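Raw contents of run05.tsv, TSV, C-alpha atoms:
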```tsv
chain	number	residue	atom	x	y	z
A	150	MET	CA	0.00	0.00	0.00
A	151	LEU	CA	1.55	3.31	-1.08
A	152	ARG	CA	1.35	6.26	1.28
A	153	ASN	CA	-0.12	9.40	-0.21
A	154	ASP	CA	2.16	11.79	1.67
A	155	LEU	CA	5.43	10.39	0.34
A	156	LEU	CA	7.61	11.93	-2.32
A	157	TRP	CA	6.87	10.02	-5.52
A	158	VAL	CA	10.53	9.28	-6.14
A	159	GLU	CA	10.48	7.39	-2.84
A	160	LYS	CA	7.09	5.75	-3.38
A	161	TYR	CA	8.21	4.32	-6.70
A	162	ARG	CA	11.77	3.45	-5.80
A	163	PRO	CA	12.54	0.05	-7.40
A	164	LYS	CA	12.09	-2.85	-4.97
A	165	LYS	CA	13.60	-5.50	-7.26
A	166	ILE	CA	16.47	-5.56	-9.72
A	167	GLU	CA	14.05	-6.18	-12.58
A	168	ASP	CA	12.16	-2.97	-11.67
A	169	ILE	CA	15.19	-0.81	-12.51
A	170	ILE	CA	14.83	0.49	-16.06
A	171	GLY	CA	17.67	0.62	-18.56
A	172	ASN	CA	21.38	-0.25	-18.28
A	173	GLU	CA	20.78	-3.99	-18.67
A	174	GLU	CA	24.44	-4.78	-19.34
A	175	ALA	CA	25.62	-2.81	-16.29
A	176	LYS	CA	23.02	-4.51	-14.09
A	177	ALA	CA	24.05	-7.95	-15.29
A	178	THR	CA	27.75	-7.25	-14.70
A	179	PHE	CA	27.10	-6.00	-11.19
A	180	VAL	CA	24.79	-8.88	-10.23
A	181	GLU	CA	27.29	-11.44	-11.54
A	182	TRP	CA	30.04	-9.82	-9.44
A	183	LEU	CA	27.86	-9.79	-6.33
A	184	LYS	CA	26.84	-13.44	-6.76
A	185	THR	CA	30.41	-14.67	-7.28
A	186	LYS	CA	32.00	-15.92	-4.06
A	187	ARG	CA	35.59	-15.77	-5.30
A	188	ARG	CA	35.70	-12.26	-6.78
A	189	SER	CA	38.72	-11.20	-8.83
A	190	LYS	CA	38.03	-7.65	-7.59
A	191	LYS	CA	37.01	-7.11	-3.95
A	192	ALA	CA	35.24	-3.83	-4.76
A	193	VAL	CA	33.08	-2.44	-7.55
A	194	LEU	CA	32.67	1.17	-8.68
A	195	LEU	CA	29.36	2.05	-10.31
A	196	TYR	CA	29.69	5.30	-12.23
A	197	GLY	CA	27.54	7.43	-14.47
A	198	PRO	CA	25.23	10.47	-14.42
A	199	PRO	CA	22.86	11.01	-11.47
A	200	GLY	CA	19.39	9.48	-11.39
A	201	VAL	CA	20.13	6.44	-13.59
A	202	GLY	CA	19.69	3.75	-10.94
A	203	LYS	CA	23.10	3.19	-9.33
A	204	THR	CA	21.95	3.52	-5.72
A	205	ALA	CA	18.60	1.87	-6.48
A	206	LEU	CA	20.41	-1.17	-7.91
A	207	VAL	CA	22.57	-1.56	-4.80
A	208	ASN	CA	19.56	-1.43	-2.48
A	209	ALA	CA	17.46	-3.79	-4.60
A	210	ALA	CA	20.29	-6.30	-5.06
A	211	ALA	CA	21.17	-6.29	-1.36
A	212	LYS	CA	17.55	-7.05	-0.49
A	213	GLU	CA	17.26	-9.85	-3.05
A	214	PHE	CA	20.52	-11.52	-2.03
A	215	GLY	CA	20.13	-11.09	1.72
A	216	PHE	CA	22.86	-8.54	2.47
A	217	THR	CA	22.67	-5.92	5.22
A	218	ILE	CA	23.71	-2.56	3.77
A	219	ILE	CA	26.07	-0.35	5.76
A	220	GLU	CA	25.80	2.90	3.82
A	221	MET	CA	27.98	5.97	4.02
A	222	ASN	CA	28.03	9.10	1.90
A	223	ALA	CA	31.73	9.52	1.18
A	224	SER	CA	31.38	13.16	0.14
A	225	ASP	CA	30.16	14.04	3.64
A	226	THR	CA	32.72	11.86	5.42
A	227	ARG	CA	36.09	12.66	3.89
A	228	SER	CA	38.72	12.14	6.58
A	229	GLU	CA	40.52	8.87	7.22
A	230	LYS	CA	39.34	8.83	10.84
A	231	ALA	CA	35.66	9.36	9.95
A	232	ILE	CA	35.69	6.72	7.21
A	233	ASN	CA	37.42	4.13	9.40
A	234	ALA	CA	34.92	4.71	12.21
A	235	VAL	CA	32.08	3.44	10.02
A	236	ALA	CA	33.71	1.27	7.39
A	237	LYS	CA	36.17	-0.82	9.41
A	238	PRO	CA	33.60	-2.45	11.74
A	239	ALA	CA	31.28	-3.03	8.77
A	240	THR	CA	33.93	-4.85	6.75
A	241	SER	CA	35.63	-6.73	9.59
A	242	TYR	CA	32.82	-8.68	11.20
A	243	ILE	CA	30.08	-11.06	10.14
A	244	ALA	CA	26.58	-9.68	10.66
A	245	LEU	CA	24.99	-10.69	13.96
A	246	ASP	CA	22.03	-12.10	12.01
A	247	ASN	CA	24.28	-14.93	10.85
A	248	PHE	CA	24.49	-16.24	14.39
A	249	SER	CA	20.73	-16.52	14.65
A	250	THR	CA	19.10	-19.81	13.71
A	251	THR	CA	16.10	-17.90	12.38
A	252	GLN	CA	18.19	-15.86	9.93
A	253	THR	CA	19.75	-18.58	7.84
A	254	GLN	CA	19.59	-16.67	4.57
A	255	GLY	CA	21.55	-13.60	5.70
A	256	LYS	CA	24.84	-13.15	3.87
A	257	GLY	CA	26.31	-10.53	6.21
A	258	ASN	CA	27.23	-6.93	5.59
A	259	LEU	CA	27.69	-5.01	2.38
A	260	LEU	CA	29.53	-1.68	2.56
A	261	PHE	CA	28.15	0.98	0.22
A	262	LEU	CA	30.05	4.26	-0.25
A	263	ASP	CA	27.89	6.69	-2.21
A	264	GLU	CA	29.20	9.81	-4.02
A	265	VAL	CA	32.77	8.62	-3.63
A	266	ASP	CA	33.90	11.22	-6.19
A	267	GLY	CA	33.04	13.88	-3.60
A	268	ILE	CA	35.78	12.60	-1.32
A	269	ALA	CA	38.46	14.05	-3.57
A	270	GLY	CA	37.79	17.67	-2.63
A	271	ASN	CA	40.08	20.08	-0.80
A	272	GLU	CA	38.92	18.75	2.57
A	273	ASP	CA	40.09	15.19	1.84
A	274	ARG	CA	42.42	14.09	4.63
A	275	GLY	CA	43.57	10.61	3.73
A	276	GLY	CA	40.09	9.46	2.78
A	277	VAL	CA	41.01	7.77	-0.51
A	278	GLY	CA	43.92	5.94	1.10
A	279	ALA	CA	41.67	4.78	3.92
A	280	ILE	CA	39.13	3.36	1.47
A	281	ILE	CA	41.84	1.49	-0.45
A	282	LYS	CA	43.11	-0.09	2.77
A	283	ILE	CA	39.57	-1.06	3.79
A	284	ILE	CA	39.00	-2.74	0.41
A	285	GLU	CA	42.23	-4.69	0.69
A	286	GLU	CA	41.35	-5.96	4.17
A	287	SER	CA	37.58	-6.30	3.74
A	288	ARG	CA	35.79	-9.58	4.39
A	289	VAL	CA	32.57	-8.30	2.80
A	290	PRO	CA	31.66	-6.82	-0.61
A	291	VAL	CA	32.52	-3.13	-0.99
A	292	ILE	CA	30.45	-1.10	-3.47
A	293	MET	CA	31.01	2.51	-4.46
A	294	ALA	CA	29.04	4.93	-6.63
A	295	ALA	CA	30.26	8.05	-8.40
A	296	ASN	CA	28.94	10.53	-10.94
A	297	ASP	CA	32.40	11.49	-12.20
A	298	PRO	CA	35.17	8.93	-11.70
A	299	ASP	CA	37.69	10.82	-13.85
A	300	ILE	CA	39.27	12.62	-10.93
A	301	ASP	CA	43.00	12.36	-10.36
A	302	LYS	CA	42.67	11.38	-6.70
A	303	LEU	CA	40.45	8.43	-7.62
A	304	ARG	CA	42.99	6.82	-9.96
A	305	PRO	CA	44.50	4.55	-7.27
A	306	LEU	CA	40.98	3.52	-6.27
A	307	LYS	CA	39.93	2.64	-9.82
A	308	LYS	CA	42.90	0.30	-10.22
A	309	ILE	CA	41.59	-2.10	-7.58
A	310	CYS	CA	37.90	-1.94	-8.53
A	311	LEU	CA	35.65	-3.51	-11.11
A	312	LEU	CA	34.35	-0.52	-13.09
A	313	VAL	CA	30.70	-0.66	-14.16
A	314	ARG	CA	29.46	2.18	-16.34
A	315	PHE	CA	25.85	3.42	-16.31
A	316	GLN	CA	24.39	5.39	-19.24
A	317	GLN	CA	21.57	7.92	-19.36
A	318	ILE	CA	18.18	6.22	-19.45
A	319	ARG	CA	16.58	6.31	-22.89
A	320	ILE	CA	13.62	8.68	-23.26
A	321	PRO	CA	11.03	5.98	-24.21
A	322	LEU	CA	11.84	4.04	-21.02
A	323	VAL	CA	11.40	7.14	-18.88
A	324	ILE	CA	8.07	7.95	-20.58
A	325	ALA	CA	6.82	4.41	-19.95
A	326	LEU	CA	7.71	4.72	-16.26
A	327	LEU	CA	5.95	8.08	-15.99
A	328	GLN	CA	2.85	6.58	-17.60
A	329	LYS	CA	2.78	3.82	-14.97
A	330	ILE	CA	3.03	6.37	-12.18
A	331	CYS	CA	0.24	8.45	-13.70
A	332	LEU	CA	-1.96	5.36	-13.83
A	333	VAL	CA	-1.46	4.63	-10.13
A	334	GLU	CA	-1.78	8.29	-9.08
A	335	HIS	CA	-4.88	8.79	-11.28
A	336	VAL	CA	-3.20	11.58	-13.25
A	337	LYS	CA	-4.62	12.23	-16.70
A	338	ALA	CA	-1.55	13.24	-18.67
A	339	GLU	CA	-1.01	14.10	-22.30
A	340	PHE	CA	1.70	12.00	-23.93
A	341	GLU	CA	3.43	15.16	-25.22
A	342	ALA	CA	3.66	16.49	-21.64
A	343	LEU	CA	5.30	13.29	-20.40
A	344	GLU	CA	7.65	13.37	-23.38
A	345	ARG	CA	8.64	16.95	-22.52
A	346	ILE	CA	9.32	15.99	-18.89
A	347	ALA	CA	11.43	12.99	-19.94
A	348	GLN	CA	13.45	15.09	-22.38
A	349	ASN	CA	13.95	17.78	-19.77
A	350	GLY	CA	15.37	15.24	-17.32
A	351	ARG	CA	18.09	14.22	-19.80
A	352	GLY	CA	17.98	10.60	-18.70
A	353	ASP	CA	17.74	11.45	-14.98
A	354	VAL	CA	14.80	9.36	-13.73
A	355	ARG	CA	14.68	11.04	-10.32
A	356	SER	CA	14.47	14.47	-11.92
A	357	ALA	CA	11.67	13.34	-14.25
A	358	ILE	CA	9.59	11.86	-11.43
A	359	ASN	CA	10.04	14.98	-9.29
A	360	ASP	CA	8.95	17.18	-12.19
A	361	LEU	CA	5.90	14.99	-12.82
A	362	GLN	CA	4.82	15.28	-9.19
A	363	SER	CA	5.50	19.02	-9.03
A	364	LEU	CA	3.42	19.74	-12.13
A	365	SER	CA	0.49	17.38	-11.62
A	366	GLU	CA	-0.08	16.81	-7.91
A	367	GLY	CA	-3.25	18.50	-6.71
A	368	THR	CA	-4.82	18.89	-10.15
A	369	HIS	CA	-4.40	15.23	-11.25
A	370	SER	CA	-4.07	16.43	-14.81
A	371	LEU	CA	-1.12	17.37	-16.98
A	372	THR	CA	-1.09	19.06	-20.37
A	373	LEU	CA	1.74	20.19	-22.60
A	374	GLN	CA	0.87	23.77	-21.64
A	375	ASP	CA	1.66	22.93	-18.00
A	376	THR	CA	5.26	22.20	-19.00
A	377	VAL	CA	5.89	25.51	-20.79
A	378	MET	CA	8.15	26.81	-18.01
A	379	LEU	CA	9.92	23.48	-17.68
A	380	SER	CA	13.27	24.07	-19.35
A	381	SER	CA	16.31	21.85	-19.17
A	382	ARG	CA	18.27	22.47	-16.01
A	383	ASN	CA	21.58	24.12	-16.78
A	384	LYS	CA	24.22	23.25	-14.22
A	385	ASP	CA	26.60	25.70	-15.91
A	386	ILE	CA	24.57	28.73	-14.79
A	387	SER	CA	26.49	30.12	-11.82
A	388	ALA	CA	24.86	31.53	-8.69
A	389	ASP	CA	25.95	35.05	-9.68
A	390	GLU	CA	24.42	34.70	-13.16
A	391	THR	CA	21.21	33.41	-11.62
A	392	LEU	CA	21.13	36.34	-9.21
A	393	ARG	CA	21.66	38.90	-11.95
A	394	GLY	CA	19.04	37.27	-14.16
A	395	PHE	CA	16.64	37.16	-11.20
A	396	PHE	CA	16.82	40.89	-10.50
A	397	SER	CA	16.87	42.02	-14.15
A	398	ALA	CA	13.92	39.87	-15.25
A	399	LYS	CA	10.97	41.74	-16.74
A	400	SER	CA	8.20	39.32	-15.82
A	401	ILE	CA	7.22	36.58	-13.36
A	402	GLU	CA	7.35	34.03	-16.18
A	403	GLU	CA	10.94	34.97	-17.01
A	404	VAL	CA	12.04	34.56	-13.38
A	405	SER	CA	10.22	31.24	-13.01
A	406	SER	CA	11.89	29.91	-16.15
A	407	LEU	CA	15.30	30.98	-14.84
A	408	LEU	CA	14.79	29.31	-11.46
A	409	PHE	CA	13.64	26.06	-13.06
A	410	ARG	CA	16.75	25.98	-15.27
A	411	ALA	CA	19.29	27.00	-12.63
A	412	ASN	CA	20.93	24.49	-10.32
A	413	VAL	CA	21.61	26.62	-7.23
A	414	ASP	CA	21.44	25.98	-3.51
A	415	TYR	CA	17.99	27.31	-2.64
A	416	ASP	CA	18.91	28.30	0.92
A	417	ASP	CA	21.98	30.29	-0.13
A	418	PHE	CA	20.03	31.85	-2.99
A	419	LEU	CA	17.31	33.02	-0.59
A	420	LEU	CA	19.96	34.68	1.57
A	421	SER	CA	21.49	36.40	-1.47
A	422	VAL	CA	18.11	37.69	-2.65
A	423	SER	CA	17.36	39.03	0.84
A	424	ASP	CA	20.74	40.79	1.02
A	425	ASN	CA	20.29	42.49	-2.36
A	426	LEU	CA	16.64	43.57	-2.12
A	427	PRO	CA	17.46	47.00	-0.56
A	428	ARG	CA	19.75	47.70	-3.53
A	429	ARG	CA	17.11	46.60	-6.02
A	430	TYR	CA	14.14	48.51	-4.58
A	431	THR	CA	14.65	52.05	-3.29
A	432	ASP	CA	10.95	52.71	-2.78
A	433	PRO	CA	10.00	51.62	0.80
A	434	SER	CA	6.60	50.23	-0.20
A	435	GLU	CA	8.11	48.16	-3.03
A	436	LEU	CA	10.86	46.91	-0.74
A	437	ALA	CA	8.30	45.90	1.89
A	438	ALA	CA	6.23	44.02	-0.68
A	439	ALA	CA	9.32	42.23	-1.99
A	440	TYR	CA	10.45	41.20	1.51
A	441	ASP	CA	6.95	39.91	2.27
A	442	LEU	CA	7.09	37.67	-0.81
A	443	VAL	CA	10.61	36.44	0.05
A	444	SER	CA	9.29	35.57	3.52
A	445	GLN	CA	6.53	33.52	1.89
A	446	ALA	CA	9.16	31.74	-0.22
A	447	ASP	CA	11.15	31.01	2.92
A	448	LEU	CA	8.07	29.45	4.52
A	449	PHE	CA	7.59	27.17	1.53
A	450	ARG	CA	11.30	26.26	1.58
A	451	GLY	CA	10.91	25.18	5.20
A	452	ARG	CA	7.85	23.08	4.38
A	453	ILE	CA	9.63	21.47	1.44
A	454	GLY	CA	12.44	20.23	3.68
A	455	THR	CA	13.97	17.20	1.95
A	456	GLU	CA	10.75	15.47	0.93
A	457	ASN	CA	7.85	17.74	-0.07
A	458	TRP	CA	9.25	18.83	-3.43
A	459	HIS	CA	5.76	19.19	-4.89
A	460	LEU	CA	5.72	22.55	-3.05
A	461	LEU	CA	8.71	23.77	-5.07
A	462	LYS	CA	6.47	25.52	-7.60
A	463	TYR	CA	5.02	27.69	-4.79
A	464	PHE	CA	8.55	28.52	-3.61
A	465	PHE	CA	9.47	29.59	-7.16
A	466	ASN	CA	6.22	31.53	-7.56
A	467	SER	CA	6.76	33.62	-4.41
A	468	LEU	CA	10.36	34.36	-5.35
A	469	SER	CA	9.36	35.27	-8.89
A	470	LYS	CA	6.77	37.76	-7.62
A	471	ALA	CA	9.43	39.33	-5.37
A	472	ALA	CA	11.67	39.92	-8.39
A	473	ALA	CA	8.82	41.45	-10.40
A	474	VAL	CA	7.28	43.83	-7.85
A	475	ASN	CA	8.18	46.65	-10.22
A	476	PRO	CA	10.11	45.42	-13.28
A	477	THR	CA	10.27	48.89	-14.84
A	478	SER	CA	12.26	50.30	-11.91
A	479	PHE	CA	15.35	48.13	-12.48
A	480	ARG	CA	18.69	49.92	-12.59
A	481	PRO	CA	22.07	48.11	-12.65
A	482	PHE	CA	23.63	47.87	-9.21
A	483	GLU	CA	26.57	46.15	-7.52
A	484	PHE	CA	25.50	42.78	-6.11
A	485	ILE	CA	26.36	41.40	-2.70
A	486	SER	CA	27.60	37.85	-3.28
A	487	PRO	CA	28.08	35.46	-1.54
A	488	PRO	CA	25.46	36.04	1.19
A	489	ILE	CA	26.52	38.31	4.07
A	490	ARG	CA	25.84	35.51	6.52
A	491	ILE	CA	28.26	33.21	4.68
A	492	ILE	CA	30.91	35.94	4.57
A	493	THR	CA	30.45	36.56	8.30
A	494	LEU	CA	30.86	32.88	9.09
A	495	PHE	CA	34.07	32.83	7.04
A	496	TRP	CA	35.62	35.81	8.82
A	497	THR	CA	34.61	34.56	12.28
A	498	LYS	CA	35.82	31.00	11.72
A	499	GLY	CA	38.97	31.59	13.82
A	500	LYS	CA	36.92	32.89	16.74
A	501	ARG	CA	34.45	30.03	16.52
A	502	THR	CA	37.30	27.51	16.40
A	503	MET	CA	38.85	29.08	19.52
A	504	LEU	CA	35.52	28.99	21.37
A	505	ASP	CA	34.94	25.38	20.32
A	506	GLY	CA	38.29	24.41	21.81
A	507	ILE	CA	37.50	26.18	25.07
A	508	CYS	CA	34.08	24.52	25.31
A	509	GLY	CA	35.69	21.16	24.62
A	510	LYS	CA	38.05	21.59	27.58
A	511	ILE	CA	35.22	22.71	29.87
A	512	GLY	CA	33.03	19.83	28.74
A	513	ALA	CA	35.77	17.26	29.36
A	514	GLN	CA	36.52	18.52	32.86
A	515	CYS	CA	32.94	19.17	33.96
A	516	HIS	CA	31.34	16.24	32.09
A	517	VAL	CA	28.83	18.39	30.24
A	518	SER	CA	27.87	18.76	26.60
A	519	HIS	CA	29.48	21.29	24.27
A	520	SER	CA	26.26	23.32	24.20
A	521	LYS	CA	25.91	23.41	27.99
A	522	ALA	CA	29.56	24.41	28.37
A	523	LYS	CA	29.06	27.27	25.93
A	524	HIS	CA	25.84	28.68	27.35
A	525	ASP	CA	26.01	27.83	31.06
A	526	PHE	CA	29.72	27.66	31.94
A	527	VAL	CA	31.58	30.11	29.68
A	528	PRO	CA	29.93	33.28	31.13
A	529	PHE	CA	30.91	32.26	34.68
A	530	VAL	CA	34.41	31.19	33.65
A	531	LYS	CA	34.85	34.61	32.02
A	532	MET	CA	33.81	36.34	35.27
A	533	ILE	CA	36.19	34.22	37.36
A	534	LEU	CA	39.09	34.90	35.00
A	535	GLN	CA	38.66	38.61	35.62
A	536	LYS	CA	39.54	38.02	39.27
A	537	GLN	CA	43.14	38.10	40.39
A	538	LYS	CA	43.23	34.53	41.77
A	539	ALA	CA	42.18	32.66	38.65
A	540	SER	CA	45.41	30.67	38.15
A	541	PRO	CA	44.06	27.39	39.65
A	542	LEU	CA	41.08	27.51	37.30
A	543	ILE	CA	43.31	28.16	34.29
A	544	ALA	CA	45.53	25.25	35.22
A	545	TRP	CA	42.56	22.93	35.87
A	546	PHE	CA	41.00	23.62	32.48
A	547	LYS	CA	44.46	23.65	30.83
A	548	PHE	CA	43.67	26.94	29.10
A	549	THR	CA	46.41	28.40	26.88
A	550	PRO	CA	47.36	32.10	27.22
A	551	GLU	CA	45.59	32.72	23.89
A	552	GLU	CA	42.39	31.12	25.21
A	553	VAL	CA	42.50	33.17	28.42
A	554	ASP	CA	43.02	36.34	26.39
A	555	PHE	CA	40.12	35.37	24.11
A	556	LEU	CA	37.75	34.84	27.05
A	557	ASN	CA	38.76	38.13	28.68
A	558	LYS	CA	38.12	40.10	25.50
A	559	MET	CA	35.00	38.21	24.42
A	560	ASN	CA	31.87	40.36	24.43
A	561	ARG	CA	29.33	37.90	23.04
A	562	PHE	CA	29.06	34.53	21.34
```

Written as structure tokens, how would this file's structure read?
Amino acid sequence: MLRNDLLWVEKYRPKKIEDIIGNEEAKATFVEWLKTKRRSKKAVLLYGPPGVGKTALVNAAAKEFGFTIIEMNASDTRSEKAINAVAKPATSYIALDNFSTTQTQGKGNLLFLDEVDGIAGNEDRGGVGAIIKIIEESRVPVIMAANDPDIDKLRPLKKICLLVRFQQIRIPLVIALLQKICLVEHVKAEFEALERIAQNGRGDVRSAINDLQSLSEGTHSLTLQDTVMLSSRNKDISADETLRGFFSAKSIEEVSSLLFRANVDYDDFLLSVSDNLPRRYTDPSELAAAYDLVSQADLFRGRIGTENWHLLKYFFNSLSKAAAVNPTSFRPFEFISPPIRIITLFWTKGKRTMLDGICGKIGAQCHVSHSKAKHDFVPFVKMILQKQKASPLIAWFKFTPEEVDFLNKMNRF
């Protein structure tokens, strides 16, 4: 039974290997590797564009063959220490289910590292080397997924992996899937509209399903006219270009089209729009109206969260109206970018790092959380340090002279 409040891309996530559309050769190669007990390669790297079924295949195959997935997003966990904390236990021990007489079909763990190409960024601290060592010592299958494997730092990793390439899903297959979803969701859709959505997704199934839900949910109908503003997303449009296009647009339709095509971080973009509104609108009443609409957009962004993407059109609509409060009044101006809040965080990073270290020492000595140390202990420690006989306290917390000086000069945090 499908829940009505779920994101469609989750509701229709493939449950079996046969449910995954396209890439038959890649699926067969991967399944054969997973079924083989004596593998020539201890790890496999699935690579290809996003939304073509890499992660879905891993989840479906693990379920069919009785593996317990230990999943980690490598782009979020880049350091050697962080990777080892999750991956080493997962690859070193047999799953506890295997010791149970009622779980005779369990085959143990399967380590899945998603977005492994993200590990090769500037913040990588031995992450690639740690993964290679884990693969060499692993007692369980290790699977990785990447959108772009052609990164220099991944070369050593590719040498020890079976490489399985995924292609963009063909348009007819995507259309057929969208038709099935429309049938279940009771959406009356024109074929031309589904074709437009499939073409817009460029072989990205997730993108196509999200667009279908965004355009049809609530009305349960979809015409070609409904897809007029649905243009191919252009990942090459920078945040600055999007911002300039946003404020120089002459109509709501033009702004909506831009936002649909751009691939920007919505939260950062909202901050940038808010920062630049006073430079765009000099009339107080226009500025107030624009801020009111941005506030509405912010409310929709909060309701969207990570699941309710069908509300994205309302988010775009409110933002578009904010840009077009008075299109005729536009005059070129110097933009604030990146957002002031981001700039502030950058310049205060040293202070925040110092305070974090102080709170860590207080927490360790007083057995309290970092948050409690910051809000409940630091103000009193600051007061005590201003007294002449504070040396025992400094020694007990092991504060450095720089930390003492920081606390004495600190006005707020």

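Proximity to Glu366 of chain A was assessed for A:Arg351, A:Leu460, A:Leu326, A:Asp299 counting only C-alpha atoms; the smallest distance is recorded for A:Leu460.
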
Check: If we count all atoms listed in the file, what is near Ala357 of chain A at a cut-off of 10 Å, once residues fewer than 6 positions away on the same chain are taken out, given as JSON, numbers by chain?
Finding: {"A": [158, 200, 323, 324, 326, 327, 343, 344, 345, 346, 347, 348, 349, 350, 351, 363]}

Note to self: Quick check, in Å to one decimal: how far apart do atom CA of Glu339 of chain A and atom CA of Thr372 of chain A lie?
What the structure shows: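 So the two atoms, atom CA of Glu339 of chain A and atom CA of Thr372 of chain A, lie 5.3 Å apart.
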
Checklist line | Leu392 of chain A environment, 8 Å, all atoms listed in the file, sequence neighbours closer than 3 positions dropped, as a list in words | finding: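 Contacts, with the query itself left out: Ala388, Asp389, Phe395, Phe396, Phe418, Ser421 and Val422 of chain A.
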
Any idea what's packed within 10 Å of Leu426 of chain A, counting all atoms listed in the file, ignoring anything in its chain fewer than 6 positions away? Could you give it as a PDB file with C-alpha atoms, keeping the file's coordinate frame?
```
ATOM      1  CA  PHE A 396      16.820  40.890 -10.500  1.00  0.00           C
ATOM      2  CA  GLU A 435       8.110  48.160  -3.030  1.00  0.00           C
ATOM      3  CA  LEU A 436      10.860  46.910  -0.740  1.00  0.00           C
ATOM      4  CA  ALA A 437       8.300  45.900   1.890  1.00  0.00           C
ATOM      5  CA  ALA A 439       9.320  42.230  -1.990  1.00  0.00           C
ATOM      6  CA  TYR A 440      10.450  41.200   1.510  1.00  0.00           C
ATOM      7  CA  VAL A 443      10.610  36.440   0.050  1.00  0.00           C
ATOM      8  CA  ALA A 471       9.430  39.330  -5.370  1.00  0.00           C
ATOM      9  CA  ALA A 472      11.670  39.920  -8.390  1.00  0.00           C
ATOM     10  CA  PHE A 484      25.500  42.780  -6.110  1.00  0.00           C
ATOM     11  CA  ILE A 485      26.360  41.400  -2.700  1.00  0.00           C
TER      12      ILE A 485
END
```

Could you give me the axis-aligned bounding box of segment 184-198 of chain A, with 4 Å of padding per side, as centre plus edge lengths in Å to one decimal, as AutoDock Vina command-line options?
```
--center_x 32.0 --center_y -2.7 --center_z -9.2 --size_x 21.5 --size_y 34.4 --size_z 18.5
```

Next item on the list: Fewer than 5 positions away in the same chain doesn't count, so skip those; otherwise give me all residues within 8 Å of Phe465 of chain A, counting all atoms listed in the file, as a list in words.
Entry: Ser405, Leu408 and Ala446 of chain A

Next item on the list: Just the residues within 10 Å of Phe548 of chain A, please, counting all atoms listed in the file, with nothing from its chain fewer than 6 positions along; format it as a list of chain:residue names.
Entry: A:Gly506, A:Ile507, A:Lys510, A:Ile511, A:Ser540, A:Leu542, A:Asp554

Item checked: Residue with smallest distance to Gly352 of chain A - pool A:Gly171, A:Pro298, A:Pro163, A:Pro433, counting only C-alpha atoms ->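 Using only C-alpha atoms, Gly352 of chain A sits closest to A:Gly171.
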
Item checked: Pairwise distance for atom CA of Leu407 of chain A and atom CA of Thr391 of chain A, rounded to one decimal in Å ->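 Separating atom CA of Leu407 of chain A from atom CA of Thr391 of chain A is a distance of 7.2 Å.
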
Notebook entry, point to check: What separation in Å, quoted to one decimal, exists between atom CA of Gln445 of chain A and atom CA of Ser467 of chain A?
Noted result: 6.3 Å
